[in-house]
Amino acid sequence: MRAYDCDVLVVGGGIVGLSTAYAITRAAPGTRVVVLEKEAGPALHQTGRNSGVIHSGVYYRPGSLKARFAVRGAAEMVKFCAEHDLPYEVTGKLIVATDHSELPRLHTLVQRGRENGIPVRELGPAQIAEREPHVRGLGAIHVATTGVCDYAAVAARLARLAEDAGASVRYGAEVRVIDRRSSGVAVRTALGEVLRARALVNCAGLYSDRVARLAGDDPGMRIVPFRGEYYALSPSRTELVRGLVYPVPDPAFPFLGVHLTRGIDGSVHLGPNAVPALAREGYGRLTVRPGELAGTVGYPGSWRIARRHWRYGAGEVRRSLSKRAFTEAVRRLLPEVTADDLIPAPSGVRAQAVLRDGTLVDDFLFAQSPRMVHVLNAPSPAATASLPIGREVAARVLAALG
């Protein structure tokens, strides 16, 4: 192999890929890093289409990567935004039980939060009303460390910082071929450009499993895309929500349910629900990519999810197809809302890793092979946790370089 064009190629210019590039330049100055992003700019998919919440880590199993990285990442994200004059606000949030059957799960979250080192406070109905006068519930917990920010702005700043440190971020550079040899890795982009590197990092998000297979590795999972659909409150009704309000999540799923989010611009988003997408970037109901859909439908894990969780899925589909049903879900938390108060808002797609047996991977998932590091599952709270994730991936690839 001829002289290397760089030391590390990072595939994917979302917040995780850019955080990884930034972390490499900080941990090992002089390391030549190139980020390849297929779109015309950074953070146009999961990073730029989420609700902007800085998650506290209260939901995640103690000791898991999600718990450790979210708790650490939330504090670091607030500090990063403050240091770089990016918009953010630490608002705190309520997790509200609206049915007696949810109270035991709420108490479990209190214990989990405390095990994760997160300050949580239990509230009764009167205390809920003090914080959110229009929200109704039987009980709640208040999580003080939750906030909101603009993750697309964070990603753009990480790109600039990495470039200032010598990295190259190339847009419109979709990876088509990966040729792995004993001495390094060669990549050919859609434009025909060939780049040679000592190692490769896969942060391709919705296409992370495909990039792994391009590199000759079996990821042992498949990305199954779930579209998250949002509404926004009419501007005349945004006073109904002061901060962040969440339902008590179902522990069987990695989704948090329809919640209320006041963003840094003062708008209030409601959602998301989660329905199977018909394309990996299927942001609209009518967006279909037959090859991608066939891949999802033909994967045994997809059918096993459907058989195991069809009741839950049917409810999500009902809320997708019926604005009235979506409004009913919102009204459990916010009784004054009507369907006329809801305005359609842009959707996102979650890159959810699924095993062949239908298991939804519920933690961040990394894999390694010679000269390769793959980030195979990094949905929410990956944006919150992006700074520690980037350091973790950087440490792995730098160790691989020796």
# chains A, B, ... in the order shown; residues from 1 in each chain; ligands from 1
>>> residues_around(residues="segment 207-209 of chain A", least_positions_apart="3", cutoff="10 Å", atoms="only C-alpha atoms", output="list of chain:residue names")
A:Val11, A:Gly12, A:Asn202, A:Cys203, A:Ala204, A:Ala212, A:Arg213, A:Leu214, A:Ala215, A:Asp217, A:Asp218, A:Pro219, A:Gly220, A:Met221, A:Arg222, A:Ile223, A:Val224, A:Pro225, A:Arg280, A:Glu281, A:Ala351, A:Ala353, A:His374, A:Val375, A:Leu376, A:Asn377, A:Ala378
>>> closest_atom_pairs(of="segment 288-315 of chain A", to="segment 234-254 of chain A", cutoff="12 Å", atoms="only C-alpha atoms", output="tab-separated table")
residue	atom	partner	partner_atom	distance
A:Ile305	CA	A:Phe253	CA	10.8
A:Arg308	CA	A:Ala252	CA	10.7
A:His309	CA	A:Ala252	CA	9.2
A:Tyr312	CA	A:Phe253	CA	9.4
A:Gly313	CA	A:Phe253	CA	10.7
>>> residues_around(residues="Ser386 of chain A", least_positions_apart="4", cutoff="6 Å", atoms="only C-alpha atoms", output="compact mmCIF listing (two decimals) with C-alpha atoms, in the first residue's frame")
# COMPACT_ATOMS: atom_id res chain seq x y z
CA VAL A 16 -20.62 11.02 17.24
CA ALA A 382 -25.94 9.44 22.08
CA GLY A 390 -15.97 10.29 21.16
>>> residues_around(residues="Asn273 of chain A", least_positions_apart="5", cutoff="10 Å", atoms="only C-alpha atoms", output="PyMOL selection string")
chain A and resi 226-230+255-259+313+315-320+326+329+347
>>> write_last_selection(atoms="all heavy atoms", output="short mmCIF file (atom, residue, chain, number, x, y, z; two decimals), in the first residue's frame")
data_model
loop_
_atom_site.label_atom_id
_atom_site.label_comp_id
_atom_site.auth_asym_id
_atom_site.auth_seq_id
_atom_site.Cartn_x
_atom_site.Cartn_y
_atom_site.Cartn_z
N PHE A 226 -36.71 3.29 12.86
CA PHE A 226 -38.01 3.67 13.41
C PHE A 226 -38.19 5.18 13.25
O PHE A 226 -37.34 5.96 13.69
CB PHE A 226 -38.10 3.30 14.90
CG PHE A 226 -38.26 1.83 15.16
CD1 PHE A 226 -37.15 1.01 15.27
CD2 PHE A 226 -39.52 1.26 15.28
CE1 PHE A 226 -37.28 -0.35 15.50
CE2 PHE A 226 -39.66 -0.10 15.52
CZ PHE A 226 -38.55 -0.90 15.62
N ARG A 227 -39.29 5.56 12.60
CA ARG A 227 -39.56 6.98 12.42
C ARG A 227 -40.23 7.54 13.68
O ARG A 227 -41.20 6.96 14.19
CB ARG A 227 -40.46 7.22 11.21
CG ARG A 227 -40.67 8.71 10.90
CD ARG A 227 -41.44 8.95 9.61
NE ARG A 227 -42.79 8.41 9.67
CZ ARG A 227 -43.17 7.31 9.06
NH1 ARG A 227 -42.31 6.60 8.34
NH2 ARG A 227 -44.42 6.89 9.14
N GLY A 228 -39.70 8.62 14.16
CA GLY A 228 -40.30 9.33 15.28
C GLY A 228 -41.03 10.56 14.76
O GLY A 228 -40.43 11.44 14.15
N GLU A 229 -42.34 10.59 14.99
CA GLU A 229 -43.17 11.68 14.44
C GLU A 229 -43.51 12.68 15.54
O GLU A 229 -43.87 12.29 16.65
CB GLU A 229 -44.43 11.09 13.82
CG GLU A 229 -44.12 10.19 12.64
CD GLU A 229 -45.29 9.33 12.21
OE1 GLU A 229 -46.12 8.98 13.06
OE2 GLU A 229 -45.37 9.02 11.02
N TYR A 230 -43.40 13.95 15.20
CA TYR A 230 -43.61 15.04 16.16
C TYR A 230 -44.73 15.96 15.70
O TYR A 230 -45.00 16.11 14.50
CB TYR A 230 -42.35 15.91 16.29
CG TYR A 230 -41.16 15.26 16.94
CD1 TYR A 230 -40.24 14.55 16.18
CD2 TYR A 230 -40.92 15.39 18.30
CE1 TYR A 230 -39.12 13.97 16.76
CE2 TYR A 230 -39.80 14.83 18.89
CZ TYR A 230 -38.92 14.12 18.11
OH TYR A 230 -37.80 13.55 18.69
N PHE A 255 -37.76 3.24 23.78
CA PHE A 255 -38.40 4.50 23.45
C PHE A 255 -39.03 5.11 24.71
O PHE A 255 -39.48 4.39 25.60
CB PHE A 255 -39.48 4.28 22.39
CG PHE A 255 -39.00 3.45 21.22
CD1 PHE A 255 -39.52 2.18 20.99
CD2 PHE A 255 -38.03 3.93 20.37
CE1 PHE A 255 -39.08 1.40 19.93
CE2 PHE A 255 -37.57 3.16 19.30
CZ PHE A 255 -38.10 1.89 19.09
N LEU A 256 -39.07 6.44 24.77
CA LEU A 256 -39.49 7.12 26.01
C LEU A 256 -40.94 7.56 25.99
O LEU A 256 -41.43 8.09 26.98
CB LEU A 256 -38.58 8.33 26.26
CG LEU A 256 -37.09 7.98 26.47
CD1 LEU A 256 -36.29 9.25 26.71
CD2 LEU A 256 -36.92 7.00 27.62
N GLY A 257 -41.65 7.34 24.88
CA GLY A 257 -43.05 7.73 24.84
C GLY A 257 -43.23 9.18 24.41
O GLY A 257 -42.28 9.96 24.31
N VAL A 258 -44.48 9.56 24.17
CA VAL A 258 -44.80 10.93 23.72
C VAL A 258 -44.58 11.89 24.88
O VAL A 258 -45.21 11.77 25.93
CB VAL A 258 -46.25 11.00 23.22
CG1 VAL A 258 -46.64 12.44 22.93
CG2 VAL A 258 -46.41 10.15 21.96
N HIS A 259 -43.65 12.83 24.69
CA HIS A 259 -43.33 13.77 25.75
C HIS A 259 -43.40 15.21 25.25
O HIS A 259 -43.56 15.46 24.05
CB HIS A 259 -41.97 13.46 26.38
CG HIS A 259 -40.87 13.21 25.39
ND1 HIS A 259 -40.60 11.95 24.90
CD2 HIS A 259 -39.98 14.04 24.80
CE1 HIS A 259 -39.56 12.01 24.07
NE2 HIS A 259 -39.18 13.27 23.98
N GLY A 313 -46.77 -2.00 19.13
CA GLY A 313 -46.61 -1.44 17.79
C GLY A 313 -47.91 -0.95 17.19
O GLY A 313 -47.94 0.08 16.51
N GLY A 315 -50.41 0.33 18.76
CA GLY A 315 -50.72 1.62 19.36
C GLY A 315 -49.91 2.75 18.73
O GLY A 315 -50.43 3.85 18.49
N GLU A 316 -48.63 2.47 18.45
CA GLU A 316 -47.78 3.48 17.81
C GLU A 316 -48.30 3.80 16.40
O GLU A 316 -48.35 4.97 16.00
CB GLU A 316 -46.34 2.99 17.75
CG GLU A 316 -45.67 2.81 19.11
CD GLU A 316 -45.44 4.11 19.82
OE1 GLU A 316 -44.82 5.02 19.23
OE2 GLU A 316 -45.88 4.25 20.98
N VAL A 317 -48.67 2.77 15.64
CA VAL A 317 -49.18 2.99 14.29
C VAL A 317 -50.49 3.77 14.34
O VAL A 317 -50.73 4.67 13.52
CB VAL A 317 -49.36 1.64 13.56
CG1 VAL A 317 -50.12 1.84 12.24
CG2 VAL A 317 -48.00 0.99 13.30
N ARG A 318 -51.35 3.44 15.32
CA ARG A 318 -52.62 4.17 15.45
C ARG A 318 -52.36 5.65 15.67
O ARG A 318 -53.02 6.52 15.06
CB ARG A 318 -53.42 3.58 16.60
CG ARG A 318 -54.75 4.28 16.89
CD ARG A 318 -55.58 3.52 17.91
NE ARG A 318 -56.74 4.28 18.31
CZ ARG A 318 -56.78 5.06 19.40
NH1 ARG A 318 -55.71 5.16 20.20
NH2 ARG A 318 -57.88 5.72 19.71
N ARG A 319 -51.40 5.99 16.54
CA ARG A 319 -51.08 7.39 16.78
C ARG A 319 -50.44 8.05 15.56
O ARG A 319 -50.56 9.26 15.38
CB ARG A 319 -50.17 7.52 18.00
CG ARG A 319 -50.90 7.33 19.32
CD ARG A 319 -50.01 7.59 20.51
NE ARG A 319 -49.05 6.52 20.74
CZ ARG A 319 -49.32 5.42 21.42
NH1 ARG A 319 -50.54 5.22 21.91
NH2 ARG A 319 -48.39 4.50 21.59
N SER A 320 -49.77 7.25 14.75
CA SER A 320 -49.18 7.80 13.53
C SER A 320 -50.25 8.17 12.51
O SER A 320 -50.17 9.21 11.85
CB SER A 320 -48.22 6.77 12.92
OG SER A 320 -47.75 7.19 11.65
N PHE A 326 -53.10 10.60 18.57
CA PHE A 326 -51.88 11.25 19.08
C PHE A 326 -52.26 12.29 20.14
O PHE A 326 -51.62 12.39 21.20
CB PHE A 326 -51.14 11.92 17.92
CG PHE A 326 -49.74 12.36 18.25
CD1 PHE A 326 -48.65 11.60 17.87
CD2 PHE A 326 -49.51 13.54 18.95
CE1 PHE A 326 -47.36 12.01 18.17
CE2 PHE A 326 -48.23 13.96 19.26
CZ PHE A 326 -47.15 13.18 18.87
N ALA A 329 -52.90 10.79 23.47
CA ALA A 329 -51.68 10.47 24.21
C ALA A 329 -51.11 11.71 24.89
O ALA A 329 -50.65 11.65 26.03
CB ALA A 329 -50.65 9.86 23.26
N SER A 347 -40.09 15.04 11.19
CA SER A 347 -39.86 13.74 11.82
C SER A 347 -38.36 13.44 11.90
O SER A 347 -37.54 14.07 11.23
CB SER A 347 -40.54 12.63 11.03
OG SER A 347 -41.94 12.81 11.01
#
>>> residues_around(residues="segment 98-112 of chain A", least_positions_apart="3", cutoff="12 Å", atoms="only C-alpha atoms", output="count of residues only")
48
>>> closest_residue(among="A:Thr327, A:Thr338, A:Thr31, A:Thr145", to="Ser168 of chain A", atoms="only C-alpha atoms")
A:Thr31
>>> atom_distance(atom1="atom CA of Cys81 of chain A", atom2="atom CA of Val34 of chain A")
24.4 Å
